[in-house]
>>> print(open('model_21.txt').read())   # compact mmCIF, C-alpha atoms
# COMPACT_ATOMS: atom_id res chain seq x y z
CA MET G 12 18.99 -13.20 27.35
CA ARG G 13 21.51 -15.44 25.68
CA ARG G 14 21.78 -13.96 22.19
CA VAL G 15 19.75 -15.90 19.63
CA SER G 16 19.35 -14.27 16.23
CA GLU G 17 16.01 -13.98 14.45
CA SER G 18 17.44 -16.24 11.72
CA THR G 19 18.03 -18.95 14.31
CA VAL G 20 14.46 -18.69 15.61
CA HIS G 21 13.28 -18.86 11.99
CA ARG G 22 15.28 -22.06 11.42
CA LEU G 23 13.90 -23.60 14.62
CA SER G 24 10.38 -22.98 13.28
CA LEU G 25 11.38 -24.70 10.04
CA TYR G 26 12.85 -27.68 11.90
CA TYR G 27 9.67 -27.93 13.97
CA ARG G 28 7.59 -28.17 10.78
CA SER G 29 9.86 -30.77 9.20
CA LEU G 30 9.83 -32.84 12.38
CA THR G 31 6.02 -32.63 12.53
CA GLU G 32 5.83 -34.04 8.98
CA MET G 33 8.44 -36.72 9.78
CA GLU G 34 6.53 -37.78 12.87
CA ARG G 35 3.24 -37.92 10.94
CA ASP G 36 4.94 -40.12 8.34
CA GLY G 37 6.04 -42.53 11.06
CA HIS G 38 9.76 -41.73 11.22
CA GLN G 39 11.44 -42.28 14.57
CA THR G 40 14.80 -40.65 13.85
CA ILE G 41 16.18 -38.07 11.45
CA SER G 42 19.78 -37.22 10.55
CA SER G 43 21.15 -33.69 10.39
CA ARG G 44 21.65 -34.33 6.66
CA GLU G 45 17.96 -35.12 6.12
CA LEU G 46 16.83 -32.17 8.20
CA ALA G 47 19.23 -29.88 6.33
CA GLY G 48 18.15 -31.19 2.93
CA ARG G 49 14.49 -30.42 3.60
CA GLU G 50 15.31 -26.78 4.35
CA ARG G 51 18.24 -26.24 1.97
CA LEU G 52 20.67 -25.76 4.84
CA THR G 53 23.99 -27.45 5.54
CA PRO G 54 24.11 -30.40 7.98
CA ALA G 55 26.76 -28.44 9.91
CA GLN G 56 24.32 -25.54 10.40
CA VAL G 57 21.64 -27.91 11.68
CA ARG G 58 24.03 -29.60 14.11
CA LYS G 59 25.26 -26.21 15.33
CA ASP G 60 21.71 -24.93 15.91
CA LEU G 61 20.60 -28.05 17.72
CA SER G 62 23.72 -28.40 19.86
CA PHE G 63 23.22 -24.77 20.90
CA PHE G 64 19.86 -25.86 22.29
CA GLY G 65 21.35 -28.88 23.98
CA SER G 66 20.29 -31.55 21.48
CA PHE G 67 22.86 -33.98 20.18
CA GLY G 68 22.24 -36.65 17.57
CA THR G 69 23.57 -40.18 17.92
CA ARG G 70 26.13 -41.15 15.28
CA GLY G 71 24.50 -43.45 12.76
CA LEU G 72 21.02 -42.93 14.24
CA GLY G 73 20.47 -39.19 14.14
CA TYR G 74 18.02 -37.31 16.31
CA PRO G 75 14.88 -38.81 17.87
CA VAL G 76 12.05 -37.09 15.96
CA LYS G 77 9.41 -36.88 18.68
CA GLU G 78 11.77 -35.79 21.44
CA LEU G 79 13.49 -33.15 19.29
CA LYS G 80 10.14 -31.81 18.09
CA GLU G 81 8.89 -31.42 21.68
CA LYS G 82 12.10 -29.74 22.75
CA ILE G 83 11.89 -27.20 19.93
CA ALA G 84 8.18 -26.59 20.66
CA LYS G 85 9.13 -25.74 24.24
CA ILE G 86 11.94 -23.38 23.17
CA LEU G 87 9.58 -21.64 20.72
CA GLY G 88 6.83 -21.48 23.32
CA ILE G 89 4.34 -23.32 21.11
CA ASN G 90 3.76 -26.04 23.69
CA LYS G 91 1.30 -23.64 25.32
CA GLU G 92 -1.66 -21.41 24.47
CA TRP G 93 -1.37 -17.67 23.84
CA ASN G 94 -4.06 -14.99 23.91
CA VAL G 95 -3.82 -12.67 20.93
CA ALA G 96 -5.62 -9.40 20.19
CA LEU G 97 -6.01 -8.28 16.58
CA ILE G 98 -6.26 -4.57 15.88
CA GLY G 99 -7.68 -3.74 12.47
CA VAL G 100 -9.92 -6.12 10.56
CA GLY G 101 -9.54 -4.86 6.99
CA ASN G 102 -8.19 -7.09 4.21
CA VAL G 103 -5.11 -8.37 6.02
CA GLY G 104 -6.85 -8.58 9.42
CA SER G 105 -9.72 -10.58 7.94
CA ALA G 106 -7.29 -13.08 6.43
CA LEU G 107 -5.58 -13.47 9.82
CA VAL G 108 -8.86 -14.11 11.67
CA SER G 109 -9.42 -17.10 9.37
CA TYR G 110 -5.81 -18.31 9.39
CA LYS G 111 -6.01 -21.92 10.56
CA GLU G 112 -2.32 -22.25 11.44
CA PHE G 113 -2.73 -19.84 14.36
CA PRO G 114 -4.96 -21.92 16.64
CA LYS G 115 -3.15 -25.08 15.49
CA GLN G 116 0.06 -23.63 16.98
CA GLY G 117 -1.61 -22.28 20.13
CA PHE G 118 -2.14 -18.68 18.97
CA ASN G 119 -5.75 -17.82 19.78
CA ILE G 120 -7.24 -14.55 18.61
CA LYS G 121 -9.43 -13.57 21.59
CA MET G 122 -10.19 -9.93 20.84
CA ILE G 123 -10.65 -7.88 17.67
CA PHE G 124 -10.65 -4.08 17.44
CA ASP G 125 -11.54 -1.74 14.59
CA ASN G 126 -12.61 1.88 14.11
CA ASP G 127 -15.25 1.16 11.46
CA GLN G 128 -18.76 1.60 12.90
CA ARG G 129 -20.09 -0.93 10.37
CA LYS G 130 -17.81 -3.60 11.83
CA ILE G 131 -17.99 -2.72 15.55
CA GLY G 132 -20.49 -4.84 17.50
CA LYS G 133 -20.56 -7.58 14.85
CA THR G 134 -18.58 -10.81 15.13
CA ARG G 135 -15.83 -12.38 13.00
CA LYS G 136 -15.46 -16.13 13.38
CA GLY G 137 -17.41 -15.79 16.62
CA ILE G 138 -15.25 -12.99 18.02
CA LEU G 139 -16.81 -9.62 18.84
CA VAL G 140 -15.34 -6.63 16.99
CA ARG G 141 -14.76 -3.91 19.63
CA ASP G 142 -14.33 -0.17 19.22
CA VAL G 143 -10.63 0.71 19.06
CA LYS G 144 -11.49 3.87 21.01
CA ASN G 145 -11.72 1.65 24.11
CA LEU G 146 -8.52 -0.24 23.27
CA ALA G 147 -6.54 0.52 26.44
CA GLN G 148 -9.32 -0.21 28.92
CA GLU G 149 -10.46 -3.35 27.08
CA LEU G 150 -6.92 -4.73 26.79
CA LYS G 151 -6.39 -4.15 30.51
CA LYS G 152 -9.48 -6.19 31.35
CA HIS G 153 -8.28 -9.26 29.44
CA LYS G 154 -5.07 -11.22 29.72
CA ILE G 155 -3.58 -10.58 26.29
CA ASP G 156 -0.07 -11.89 25.55
CA MET G 157 0.44 -10.58 22.02
CA VAL G 158 -1.06 -8.00 19.74
CA ILE G 159 -1.27 -8.07 15.94
CA ILE G 160 -1.38 -4.64 14.30
CA ALA G 161 -3.23 -4.59 10.97
CA VAL G 162 -4.21 -0.92 10.80
CA PRO G 163 -3.21 1.66 8.16
CA ALA G 164 0.39 2.91 8.37
CA ALA G 165 -0.66 6.44 9.36
CA VAL G 166 -2.20 5.34 12.69
CA ALA G 167 0.04 2.35 13.49
CA GLN G 168 2.46 4.19 15.82
CA SER G 169 -0.29 5.68 17.98
CA VAL G 170 -2.04 2.29 18.28
CA VAL G 171 1.28 0.66 19.21
CA ASN G 172 1.87 3.34 21.86
CA GLU G 173 -1.45 2.47 23.51
CA VAL G 174 -0.69 -1.25 23.39
CA VAL G 175 2.75 -0.72 24.94
CA ALA G 176 1.29 1.57 27.64
CA VAL G 177 -0.99 -1.20 28.95
CA GLY G 178 1.96 -3.56 29.27
CA VAL G 179 1.74 -5.85 26.23
CA ASN G 180 5.31 -6.38 25.05
CA ALA G 181 5.06 -8.68 22.03
CA ILE G 182 3.72 -7.11 18.84
CA LEU G 183 3.43 -8.36 15.27
CA ASN G 184 3.03 -5.43 12.91
CA PHE G 185 1.59 -5.62 9.39
CA ALA G 186 1.47 -1.85 8.84
CA PRO G 187 4.11 -0.93 6.24
CA THR G 188 5.87 1.68 8.33
CA ASN G 189 8.73 2.12 10.77
CA ILE G 190 7.44 1.79 14.37
CA ASN G 191 9.33 2.72 17.52
CA VAL G 192 8.97 0.75 20.75
CA PRO G 193 10.92 0.76 24.03
CA PRO G 194 13.78 -1.77 24.29
CA SER G 195 11.70 -4.02 26.58
CA VAL G 196 9.13 -4.58 23.82
CA PHE G 197 9.58 -7.06 20.98
CA LEU G 198 8.11 -5.81 17.73
CA ARG G 199 8.32 -7.72 14.48
CA THR G 200 7.13 -6.24 11.20
CA VAL G 201 5.81 -8.36 8.34
CA ASN G 202 5.89 -6.61 5.00
CA MET G 203 4.65 -8.60 2.01
CA ALA G 204 6.42 -6.30 -0.45
CA MET G 205 9.69 -7.05 1.33
CA GLU G 206 8.96 -10.75 0.81
CA LEU G 207 8.63 -10.15 -2.93
CA GLU G 208 11.90 -8.19 -2.86
CA HIS G 209 13.68 -11.46 -2.10
CA LEU G 210 12.28 -12.74 -5.40
CA SER G 211 13.21 -9.65 -7.43
CA PHE G 212 16.68 -9.70 -5.84
CA PHE G 213 17.05 -13.30 -6.99
CA LEU G 214 15.83 -12.54 -10.51
CA VAL G 215 18.12 -9.52 -10.90
CA ASN G 216 21.21 -11.16 -9.43
CA LYS G 217 20.94 -14.82 -10.37
CA GLU G 218 23.69 -14.47 -12.96
CA GLY G 219 25.89 -12.75 -10.40
CA LEU G 220 25.61 -9.53 -8.45
CA LYS G 221 25.55 -6.54 -10.77
CA ILE G 222 27.08 -3.79 -8.69
CA MET U 18 26.05 -15.92 -7.68
CA ARG U 19 28.10 -14.20 -5.03
CA ARG U 20 26.65 -15.53 -1.79
CA VAL U 21 24.24 -13.08 -0.18
CA SER U 22 22.18 -14.41 2.70
CA GLU U 23 18.43 -13.89 2.99
CA SER U 24 19.12 -11.88 6.16
CA THR U 25 21.26 -9.47 4.15
CA VAL U 26 18.53 -9.03 1.53
CA HIS U 27 16.08 -8.43 4.37
CA ARG U 28 18.33 -5.71 5.84
CA LEU U 29 18.69 -4.06 2.43
CA SER U 30 14.88 -3.86 2.23
CA LEU U 31 14.86 -2.24 5.67
CA TYR U 32 17.56 0.27 4.67
CA TYR U 33 15.59 1.09 1.54
CA ARG U 34 12.53 1.93 3.64
CA SER U 35 14.48 4.04 6.11
CA LEU U 36 16.16 5.92 3.27
CA THR U 37 12.78 6.54 1.62
CA GLU U 38 11.51 8.10 4.85
CA MET U 39 14.72 10.12 5.28
CA GLU U 40 14.47 11.44 1.73
CA ARG U 41 10.80 12.34 2.21
CA ASP U 42 11.75 14.27 5.35
CA GLY U 43 14.33 16.26 3.42
CA HIS U 44 17.55 14.66 4.71
CA GLN U 45 20.49 14.68 2.32
CA THR U 46 22.86 12.42 4.24
CA ILE U 47 22.60 9.70 6.86
CA SER U 48 25.26 8.16 9.09
CA SER U 49 25.66 4.42 9.62
CA ARG U 50 24.78 5.10 13.27
CA GLU U 51 21.42 6.70 12.35
CA LEU U 52 20.62 3.96 9.85
CA ALA U 53 21.52 1.30 12.43
CA GLY U 54 19.48 2.97 15.16
CA ARG U 55 16.32 2.96 13.06
CA GLU U 56 16.58 -0.79 12.53
CA ARG U 57 18.13 -1.82 15.86
CA LEU U 58 21.34 -2.96 14.17
CA THR U 59 24.94 -2.05 14.92
CA PRO U 60 26.65 0.69 12.86
CA ALA U 61 29.35 -1.90 12.05
CA GLN U 62 26.73 -4.21 10.51
CA VAL U 63 25.35 -1.38 8.38
CA ARG U 64 28.82 -0.37 7.18
CA LYS U 65 29.67 -3.99 6.40
CA ASP U 66 26.46 -4.51 4.40
CA LEU U 67 26.86 -1.31 2.44
CA SER U 68 30.57 -1.75 1.73
CA PHE U 69 29.76 -5.21 0.41
CA PHE U 70 27.54 -3.51 -2.13
CA GLY U 71 30.20 -0.95 -2.99
CA SER U 72 28.83 1.99 -1.00
CA PHE U 73 31.14 3.88 1.32
CA GLY U 74 30.11 6.74 3.58
CA THR U 75 32.22 9.88 3.94
CA ARG U 76 33.66 10.38 7.41
CA GLY U 77 31.69 13.10 9.18
CA LEU U 78 29.08 13.30 6.43
CA GLY U 79 27.72 9.78 6.14
CA TYR U 80 26.00 8.36 3.09
CA PRO U 81 24.14 10.43 0.49
CA VAL U 82 20.47 9.42 1.06
CA LYS U 83 19.14 9.64 -2.50
CA GLU U 84 22.12 7.96 -4.13
CA LEU U 85 22.23 5.12 -1.61
CA LYS U 86 18.47 4.59 -1.89
CA GLU U 87 18.70 4.32 -5.69
CA LYS U 88 21.62 1.95 -5.47
CA ILE U 89 19.77 -0.38 -3.08
CA ALA U 90 16.64 -0.21 -5.25
CA LYS U 91 18.72 -1.42 -8.19
CA ILE U 92 20.30 -4.26 -6.21
CA LEU U 93 16.85 -5.35 -4.97
CA GLY U 94 15.38 -5.04 -8.47
CA ILE U 95 12.68 -2.62 -7.34
CA ASN U 96 13.76 0.07 -9.82
CA LYS U 97 11.71 -1.83 -12.40
CA GLU U 98 8.26 -3.33 -12.89
CA TRP U 99 7.45 -7.02 -12.35
CA ASN U 100 4.51 -9.04 -13.59
CA VAL U 101 3.04 -11.23 -10.88
CA ALA U 102 0.44 -14.01 -11.06
CA LEU U 103 -1.58 -14.84 -7.96
CA ILE U 104 -2.88 -18.37 -7.58
CA GLY U 105 -5.69 -18.74 -5.06
CA VAL U 106 -7.92 -15.85 -4.09
CA GLY U 107 -9.29 -16.98 -0.73
CA ASN U 108 -8.71 -14.98 2.46
CA VAL U 109 -4.97 -14.47 2.07
CA GLY U 110 -5.12 -14.05 -1.72
CA SER U 111 -7.85 -11.41 -1.42
CA ALA U 112 -5.74 -9.42 1.04
CA LEU U 113 -2.79 -9.57 -1.36
CA VAL U 114 -4.83 -8.31 -4.34
CA SER U 115 -5.61 -5.17 -2.32
CA TYR U 116 -2.12 -4.76 -0.86
CA LYS U 117 -1.06 -1.25 -1.85
CA GLU U 118 2.66 -1.76 -1.16
CA PHE U 119 2.94 -4.17 -4.11
CA PRO U 120 2.28 -1.74 -7.00
CA LYS U 121 4.14 0.99 -5.08
CA GLN U 122 7.27 -1.19 -5.24
CA GLY U 123 6.75 -2.29 -8.84
CA PHE U 124 5.05 -5.63 -8.15
CA ASN U 125 1.97 -5.74 -10.36
CA ILE U 126 -0.53 -8.56 -10.03
CA LYS U 127 -1.52 -9.18 -13.66
CA MET U 128 -3.26 -12.54 -13.45
CA ILE U 129 -5.38 -14.29 -10.82
CA PHE U 130 -6.28 -17.98 -10.77
CA ASP U 131 -8.72 -19.96 -8.63
CA ASN U 132 -10.63 -23.23 -8.76
CA ASP U 133 -13.90 -21.85 -7.35
CA GLN U 134 -16.55 -21.61 -10.08
CA ARG U 135 -18.20 -18.74 -8.18
CA LYS U 136 -15.02 -16.67 -8.50
CA ILE U 137 -13.89 -17.66 -12.02
CA GLY U 138 -14.89 -15.15 -14.71
CA LYS U 139 -15.41 -12.35 -12.18
CA THR U 140 -12.84 -9.63 -11.50
CA ARG U 141 -10.91 -8.58 -8.40
CA LYS U 142 -9.60 -5.01 -8.45
CA GLY U 143 -10.14 -5.09 -12.19
CA ILE U 144 -8.24 -8.34 -12.75
CA LEU U 145 -10.05 -11.34 -14.26
CA VAL U 146 -10.10 -14.48 -12.12
CA ARG U 147 -9.12 -17.37 -14.40
CA ASP U 148 -9.69 -21.11 -14.03
CA VAL U 149 -6.65 -22.75 -12.45
CA LYS U 150 -7.33 -25.73 -14.73
CA ASN U 151 -5.84 -23.66 -17.57
CA LEU U 152 -2.91 -22.45 -15.44
CA ALA U 153 -0.04 -23.76 -17.60
CA GLN U 154 -1.39 -22.58 -20.95
CA GLU U 155 -2.46 -19.16 -19.59
CA LEU U 156 0.88 -18.57 -17.85
CA LYS U 157 2.71 -19.45 -21.08
CA LYS U 158 0.72 -16.82 -22.99
CA HIS U 159 1.71 -13.99 -20.63
CA LYS U 160 5.11 -12.79 -19.50
CA ILE U 161 4.92 -13.56 -15.79
CA ASP U 162 8.06 -13.00 -13.66
CA MET U 163 6.83 -14.23 -10.29
CA VAL U 164 4.03 -16.32 -8.90
CA ILE U 165 2.35 -16.03 -5.50
CA ILE U 166 0.86 -19.29 -4.18
CA ALA U 167 -2.13 -18.79 -1.87
CA VAL U 168 -3.86 -22.16 -2.28
CA PRO U 169 -4.57 -24.76 0.42
CA ALA U 170 -1.54 -26.75 1.59
CA ALA U 171 -2.83 -30.01 0.12
CA VAL U 172 -2.66 -28.78 -3.50
CA ALA U 173 0.29 -26.37 -3.22
CA GLN U 174 2.98 -28.78 -4.44
CA SER U 175 1.08 -29.75 -7.60
CA VAL U 176 0.36 -26.08 -8.42
CA VAL U 177 4.04 -25.24 -7.88
CA ASN U 178 5.04 -28.10 -10.18
CA GLU U 179 2.93 -26.62 -12.98
CA VAL U 180 4.36 -23.15 -12.41
CA VAL U 181 7.92 -24.48 -12.49
CA ALA U 182 7.20 -26.52 -15.63
CA VAL U 183 6.28 -23.39 -17.63
CA GLY U 184 9.55 -21.72 -16.64
CA VAL U 185 8.63 -19.31 -13.84
CA ASN U 186 11.46 -19.50 -11.32
CA ALA U 187 10.54 -17.08 -8.55
CA ILE U 188 7.74 -18.17 -6.22
CA LEU U 189 6.34 -16.72 -3.01
CA ASN U 190 4.40 -19.38 -1.13
CA PHE U 191 1.77 -18.73 1.53
CA ALA U 192 0.63 -22.37 1.81
CA PRO U 193 1.74 -23.71 5.20
CA THR U 194 3.59 -26.74 3.87
CA ASN U 195 7.01 -27.89 2.74
CA ILE U 196 7.37 -27.45 -1.05
CA ASN U 197 10.11 -28.91 -3.23
CA VAL U 198 11.49 -27.05 -6.23
CA PRO U 199 14.53 -27.62 -8.48
CA PRO U 200 17.73 -25.77 -7.46
CA SER U 201 17.28 -23.24 -10.30
CA VAL U 202 14.01 -22.02 -8.77
CA PHE U 203 13.82 -19.58 -5.87
CA LEU U 204 10.94 -20.34 -3.52
CA ARG U 205 10.25 -18.36 -0.38
CA THR U 206 7.57 -19.40 2.09
CA VAL U 207 5.70 -16.92 4.29
CA ASN U 208 4.06 -18.49 7.30
CA MET U 209 2.18 -16.15 9.63
CA ALA U 210 2.29 -18.67 12.48
CA MET U 211 6.08 -18.71 12.19
CA GLU U 212 6.02 -14.93 12.54
CA LEU U 213 4.11 -15.26 15.82
CA GLU U 214 6.63 -17.88 16.95
CA HIS U 215 9.22 -15.10 17.11
CA LEU U 216 6.94 -13.42 19.64
CA SER U 217 6.30 -16.53 21.73
CA PHE U 218 10.04 -17.32 21.65
CA PHE U 219 10.69 -13.83 23.02
CA LEU U 220 8.03 -14.15 25.73
CA VAL U 221 9.26 -17.58 26.85
CA ASN U 222 12.96 -16.70 26.82
CA LYS U 223 13.13 -13.04 27.73
CA GLU U 224 14.49 -13.85 31.18
CA GLY U 225 17.09 -16.13 29.63
CA LEU U 226 16.92 -19.29 27.59
CA LYS U 227 15.30 -22.09 29.57
CA ILE U 228 16.89 -25.19 28.15
>>> encode(input="model_21.txt", output="structure tokens")
Amino acid sequence: MRRVSESTVHRLSLYYRSLTEMERDGHQTISSRELAGRERLTPAQVRKDLSFFGSFGTRGLGYPVKELKEKIAKILGINKEWNVALIGVGNVGSALVSYKEFPKQGFNIKMIFDNDQRKIGKTRKGILVRDVKNLAQELKKHKIDMVIIAVPAAVAQSVVNEVVAVGVNAILNFAPTNINVPPSVFLRTVNMAMELEHLSFFLVNKEGLKI
Amino acid sequence: MRRVSESTVHRLSLYYRSLTEMERDGHQTISSRELAGRERLTPAQVRKDLSFFGSFGTRGLGYPVKELKEKIAKILGINKEWNVALIGVGNVGSALVSYKEFPKQGFNIKMIFDNDQRKIGKTRKGILVRDVKNLAQELKKHKIDMVIIAVPAAVAQSVVNEVVAVGVNAILNFAPTNINVPPSVFLRTVNMAMELEHLSFFLVNKEGLKI
């Protein structure tokens, strides 16, 4: 795979959102300067990212909003629908089941698993909560593209091992722990505390790095 | 401020976590190769990051785990306690109130605000839910370092404006919308759908970028 950094993918997602708002507001074109300004980037960075993906603005006119948006959607794979399984429906898992941005972007939670007998057999937003004991066999029966891990840290690795064994190779992990996967599997960890560390870093260092 | 990218801060948070695990497991030193391997980075990247922050390993011995961990904690500002206000205690907000990694890292939710009369006056994990109508005056009365925004997208900008007006300048936003803040304010947006877009990007492009 041509090497694209996670930061670049992140910026593409940001551009996509800006372009969606621009399109909704009736704009036909956008300049690299406008796109950069919305995301606090430099116009040069925007032009570099977009040229890398084969999009070139027209001098004086900029980029065609609709066309660029569709192109980025295709690169990000959000021009299609994805089947997602959620494992763990505690506090974080429950928030994700109700997260409206997921279906809006084509990410459809189709299966939910938990180990809590009080939750198993009931539904969440119309989706049956299944026993995580049957995870492997249930996952095999359904065409699942991605798995979201929202289980406690102590059991996350063993759950991930099962998921990987049945052939799912895209995993979003919310368990605050280091997880190992084979090189063919893409695992991304979201850690809310790490998000706040960007804020504390800013507060501590805003008058210059103290090292 | 000496320019440090968000990716660098992110890697420092990852190093901190690896070092915490290494220390717990009784390791005294770690090589750049080991640290890189745990996070799927190159040893050169690790050495570059750490030398930037004034830490140099000893050839053949590596970095002293405890010392390096403490140094990174200081740079990230997680060697101290922070007072956090949470605005919006719906699905996402409720998950954050219970998120154990926050207090563990020194991020203490001290105030909660909502606009739902059924929630106002009650407590969540022992914290009073206050009326968001009184946001500005209540925030002024307490020493709040950071604010977490977990309100619907449509009202997020106006809530952020109030927060900025009382002088809080570190904001973590979970509302899926573009928010404007003055240059002196640090705002970071977490969008779960954007996290899944890293997975769909991987699935679409794993056999090479199709552009």
>>> interface_residues(input="model_21.txt", of="chain G", to="chain U", cutoff="6 Å", atoms="only C-alpha atoms", output="ChimeraX atom specification")
/G:12-13,87-88,102-103,106,112-113,181,204,210-212,215,217-219
>>> atom_distance(input="model_21.txt", atom1="atom CA of Val177 of chain G", atom2="atom CA of Lys144 of chain G")
14.1 Å
>>> atom_distance(input="model_21.txt", atom1="atom CA of Arg135 of chain U", atom2="atom CA of Asn151 of chain U")
16.3 Å
>>> atom_distance(input="model_21.txt", atom1="atom CA of Ser175 of chain U", atom2="atom CA of Gln56 of chain G")
29.7 Å
>>> residues_near_point(input="model_21.txt", point="(34.2, 10.0, 5.9)", cutoff="12 Å", atoms="only C-alpha atoms", output="MDAnalysis selection string")
chainID U and resid 46:49 64 72:81
>>> axis_aligned_box(input="model_21.txt", around="segment 70-81 of chain U", padding_each_side="4 Å", output="AutoDock Vina command-line options")
--center_x 28.9 --center_y 4.9 --center_z 3.1 --size_x 17.5 --size_y 24.8 --size_z 20.2
>>> closest_residue(input="model_21.txt", among="G:Lys121, G:Lys133, G:Lys152, G:Lys80", to="Arg35 of chain G", atoms="all atoms listed in the file")
G:Lys80
>>> closest_residue(input="model_21.txt", among="G:Leu46, G:Val179, G:Ala96, G:Leu52", to="Leu139 of chain G", atoms="all atoms listed in the file")
G:Ala96
>>> residues_around(input="model_21.txt", residues="Ala61 of chain U", least_positions_apart="6", cutoff="10 Å", atoms="all atoms listed in the file", output="PyMOL selection string")
chain U and resi 49-50+53+67
>>> residues_near_point(input="model_21.txt", point="(-5.1, -20.6, -11.2)", cutoff="8 Å", atoms="all atoms listed in the file", output="list of chain:residue names")
U:Leu103, U:Ile104, U:Gly105, U:Ile129, U:Phe130, U:Asp131, U:Asn132, U:Val146, U:Arg147, U:Asp148, U:Val149, U:Lys150, U:Asn151, U:Leu152
>>> decode(input="model_21.txt", residues="segment 47-82 of chain G", atoms="C-alpha atoms", output="compact mmCIF listing (two decimals), in the first residue's frame")
# COMPACT_ATOMS: atom_id res chain seq x y z
CA ALA G 47 -7.04 25.33 5.38
CA GLY G 48 -8.54 28.15 7.44
CA ARG G 49 -11.46 26.00 8.59
CA GLU G 50 -9.08 23.36 9.94
CA ARG G 51 -6.18 25.58 11.07
CA LEU G 52 -3.85 24.10 8.47
CA THR G 53 -1.68 25.82 5.88
CA PRO G 54 -2.97 26.14 2.28
CA ALA G 55 0.25 24.40 1.19
CA GLN G 56 -0.60 21.37 3.35
CA VAL G 57 -4.09 21.19 1.85
CA ARG G 58 -2.78 21.43 -1.71
CA LYS G 59 -0.16 18.76 -0.97
CA ASP G 60 -2.74 16.37 0.51
CA LEU G 61 -5.18 16.84 -2.33
CA SER G 62 -2.60 16.63 -5.11
CA PHE G 63 -1.41 13.38 -3.55
CA PHE G 64 -4.92 12.05 -4.14
CA GLY G 65 -5.00 13.38 -7.66
CA SER G 66 -7.13 16.49 -7.08
CA PHE G 67 -5.93 19.81 -8.41
CA GLY G 68 -7.65 23.14 -7.89
CA THR G 69 -8.09 25.65 -10.69
CA ARG G 70 -6.21 28.92 -10.15
CA GLY G 71 -8.66 31.61 -9.15
CA LEU G 72 -11.55 29.14 -8.81
CA GLY G 73 -10.33 26.56 -6.32
CA TYR G 74 -11.69 23.05 -6.00
CA PRO G 75 -15.20 21.97 -7.04
CA VAL G 76 -16.89 21.22 -3.69
CA LYS G 77 -19.19 18.37 -4.71
CA GLU G 78 -16.64 16.54 -6.84
CA LEU G 79 -13.87 16.82 -4.24
CA LYS G 80 -16.22 15.67 -1.48
CA GLU G 81 -17.21 12.57 -3.48
CA LYS G 82 -13.61 11.78 -4.30
